[in-house]
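First the structure, in the form of structure tokens, and then the observations on it.
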Amino acid sequence: MPLPLEKSSLVETLKEKQRLRLLQRGLVASPPGPAAAPTGAKLEFTTELIPTTNTRWVNWGSHRQSTPPSTDQQPFKTPSKPTPTPARSVVTAPIVKKILKNDHLENFVLTSQRPQNYVRDADPNTRFEEYPKLDALFTLKRNLVLQHSTPARTLKTDLWKFDLRALGSQFDVILIDPPLLEYASRSKIAYENEFRKIPAGFSEGLKTAWSWEDVASMNIQDIAAPRSFIFIWIGDGEGLECGRDLLARWGYRRAEDIIWAKTNKSWEGSYQVGPIPCLQRQKEHCLVGIRGTLRRSIDTHFIHCNVDTDVIISEEPPNGDTAKPEELYSIIENFCLGKRRLELFGRDNNIRQGWLTVGAGLSKSNFNRDEYVQWFRNAAVVPFSQEIETLRPKSPPPRNKRF
């Protein structure tokens, strides 16, 4: 959303003052002009010690030269006192020393480019090109998951009125991306497109923006398997507290907190400031909850720990779009081998093989309860692979078995 005129001029004034300060300190290029040292740059003079060629060193203990004289020289006379010729000092031209600082905060003020834009190997497609074993691990993981994934299924419905028990199944993984009021207040364009606009097939009474009390009214515990995981996007505000309360209400324990650091390489990025936040918000959180008892070193048929990290670095969608990074699906599939995966509040961009996507923002439905339940009667987990087991990072053994 464009800045008001007075705020935009204030930002430009601050940027110009910062540029002038950096120019005086010699940290940015000076304007074109005569070749001279930049204002504020440090000048240093170097001194070279050049020994003269007629210096002769004598062994005073034996009163003989350390090197024999040539035959055409006069007999050597021992001086009364050694007088080596001193080295003469030569002053060279001044050297301009320019201080280079890796200060991403100043760079952000001047260019609006966020610090996370410069993190190397953030793209998961090329991240492990220089690490053959990790590259082989992720390739095997991806191929195995796709080979044993069920077809993508969708259910277009109003989750405010829908009874989740009608799905007829319990799920190993539940992913929730609620349309929070926090998202609706970020951008006027996003509010018009995602929250004010009623999807086709629904009446004006459809709830498009949910409070945390609304999310808490969902009976997630009724569709969660005894041993299962939940991933819920909580924004970057009050959800940091409310999200943890939801996990406890639904019978989960908080296990991890995945951070999405938003880049703005292709556009200026959102300008999220207001009366509540003290800093500009450039990230979002996804809480991970665990239900039941799972041991990482024993239950390897169901979970593979230590494969991915808890940080996602990817581009922020423009115009306040609430779409989340696709990398989260890979993190979930690499971690949990359970095949019953459910996403709530999904849209067409969330449809994915191996997932059941439910939400009002979908354009069609192809979910059949009996067919879906039948798929998992004989095989509900991704099968074991010895190659993956050999390559994947292992968890440390229990303390009483380490020695």
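Please note that chains go A, B, ... in the order of the structure tokens, that every chain numbers its residues from 1, and that ligands are numbered from 1 in the order shown.
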Quiz prompt | Every residue of stretch 326-363 of chain A that DSSP places in strand (DSSP E), as a count of residues only | solution = 9
Per residue of stretch 86-198 of chain A within 12 Å of stretch 335-355 of chain A, what are the shortest atom pair and its distance in Å to one decimal, counting only C-alpha atoms, with rows by chain and residue number, as a tab-separated table?
```
residue	atom	partner	partner_atom	distance
A:Phe138	CA	A:Phe335	CA	11.5
A:Lys141	CA	A:Phe335	CA	10.0
A:Arg142	CA	A:Phe335	CA	11.6
A:Leu144	CA	A:Leu337	CA	10.4
A:Val145	CA	A:Gly354	CA	8.4
A:Leu146	CA	A:Gln353	CA	7.6
A:Gln147	CA	A:Gly354	CA	9.9
A:His148	CA	A:Gly354	CA	8.3
A:Ser149	CA	A:Gly354	CA	4.5
A:Thr150	CA	A:Gly354	CA	4.5
A:Pro151	CA	A:Gln353	CA	5.3
A:Ala152	CA	A:Gln353	CA	4.3
A:Arg153	CA	A:Trp355	CA	6.5
A:Thr154	CA	A:Ile351	CA	7.3
A:Leu155	CA	A:Gly346	CA	9.4
A:Lys156	CA	A:Gly346	CA	9.2
A:Thr157	CA	A:Phe345	CA	9.4
A:Asp158	CA	A:Phe345	CA	9.2
A:Leu159	CA	A:Phe345	CA	7.7
A:Trp160	CA	A:Phe345	CA	10.4
A:Phe162	CA	A:Leu344	CA	11.4
A:Leu164	CA	A:Leu344	CA	10.1
A:Leu167	CA	A:Leu342	CA	10.1
A:Gly168	CA	A:Arg340	CA	11.8
A:Ser169	CA	A:Arg340	CA	8.5
A:Gln170	CA	A:Arg340	CA	7.7
A:Phe171	CA	A:Arg340	CA	5.0
A:Asp172	CA	A:Arg340	CA	5.3
A:Val173	CA	A:Arg341	CA	4.8
A:Ile174	CA	A:Leu342	CA	4.9
A:Leu175	CA	A:Glu343	CA	4.6
A:Ile176	CA	A:Leu344	CA	5.0
A:Asp177	CA	A:Phe345	CA	5.9
A:Pro178	CA	A:Phe345	CA	6.0
A:Pro179	CA	A:Phe345	CA	7.4
A:Leu180	CA	A:Phe345	CA	10.7
A:Glu194	CA	A:Arg347	CA	10.5
```
Go ahead and save the residues from that selection, with C-alpha atoms, as a JSON list (two decimals), in the first residue's frame.
```
[["chain", "number", "residue", "atom", "x", "y", "z"],
["A", 138, "PHE", "CA", 16.35, -35.01, -0.53],
["A", 141, "LYS", "CA", 12.82, -38.44, -0.11],
["A", 142, "ARG", "CA", 10.95, -36.47, -2.75],
["A", 144, "LEU", "CA", 9.55, -41.83, -2.43],
["A", 145, "VAL", "CA", 6.85, -39.46, -1.16],
["A", 146, "LEU", "CA", 5.52, -38.84, -4.68],
["A", 147, "GLN", "CA", 5.55, -42.54, -5.51],
["A", 148, "HIS", "CA", 3.34, -43.42, -2.53],
["A", 149, "SER", "CA", 1.15, -40.30, -2.42],
["A", 150, "THR", "CA", -2.61, -40.45, -2.88],
["A", 151, "PRO", "CA", -4.29, -38.26, -5.51],
["A", 152, "ALA", "CA", -5.05, -34.69, -4.47],
["A", 153, "ARG", "CA", -8.53, -34.28, -3.03],
["A", 154, "THR", "CA", -10.48, -31.07, -2.32],
["A", 155, "LEU", "CA", -13.63, -30.17, -0.42],
["A", 156, "LYS", "CA", -15.22, -26.76, -0.96],
["A", 157, "THR", "CA", -17.14, -25.90, 2.20],
["A", 158, "ASP", "CA", -17.75, -23.26, 4.86],
["A", 159, "LEU", "CA", -15.57, -24.33, 7.77],
["A", 160, "TRP", "CA", -17.57, -22.13, 10.16],
["A", 162, "PHE", "CA", -18.88, -27.69, 8.72],
["A", 164, "LEU", "CA", -14.96, -31.89, 10.77],
["A", 167, "LEU", "CA", -14.50, -36.29, 6.97],
["A", 168, "GLY", "CA", -14.65, -39.81, 8.45],
["A", 169, "SER", "CA", -10.94, -40.08, 9.22],
["A", 170, "GLN", "CA", -8.24, -39.16, 11.70],
["A", 171, "PHE", "CA", -5.17, -37.45, 10.33],
["A", 172, "ASP", "CA", -1.44, -37.81, 10.93],
["A", 173, "VAL", "CA", -0.75, -34.20, 9.92],
["A", 174, "ILE", "CA", -3.08, -31.20, 10.08],
["A", 175, "LEU", "CA", -2.00, -27.90, 8.51],
["A", 176, "ILE", "CA", -4.03, -24.78, 9.34],
["A", 177, "ASP", "CA", -3.66, -21.36, 7.72],
["A", 178, "PRO", "CA", -6.59, -19.38, 9.20],
["A", 179, "PRO", "CA", -7.75, -16.13, 7.55],
["A", 180, "LEU", "CA", -6.84, -14.03, 10.56],
["A", 194, "GLU", "CA", -9.46, -12.23, 0.09]]
```
Self-check item: Shell of 8 Å around stretch 248-261 of chain A, only C-alpha atoms, local chain residues under 4 positions omitted, as a ChimeraX atom specification
Solution: /A:116,216,219-221,229-230,244,282-292,310-314,325
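A straight line drawn from atom CA of A:Ile303 to atom CA of A:Asp163 is 29.1 Å long.
Across the structure, atom CA of A:Ala225 and atom CA of A:Phe302 are spaced 12.7 Å apart.
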Quiz item: What's the 9 Å shell around stretch 102-110 of chain A, counting only C-alpha atoms, without same-chain residues fewer than 2 positions away, as number ranges by chain?
Solution: A: 11, 14-16, 18-19, 100, 112-116
Self-check item: Closest of A:Arg296, A:His304, A:Asn125, A:Gly237 to A:Cys278 - atom-to-atom distances counting only C-alpha atoms
Solution: A:Gly237
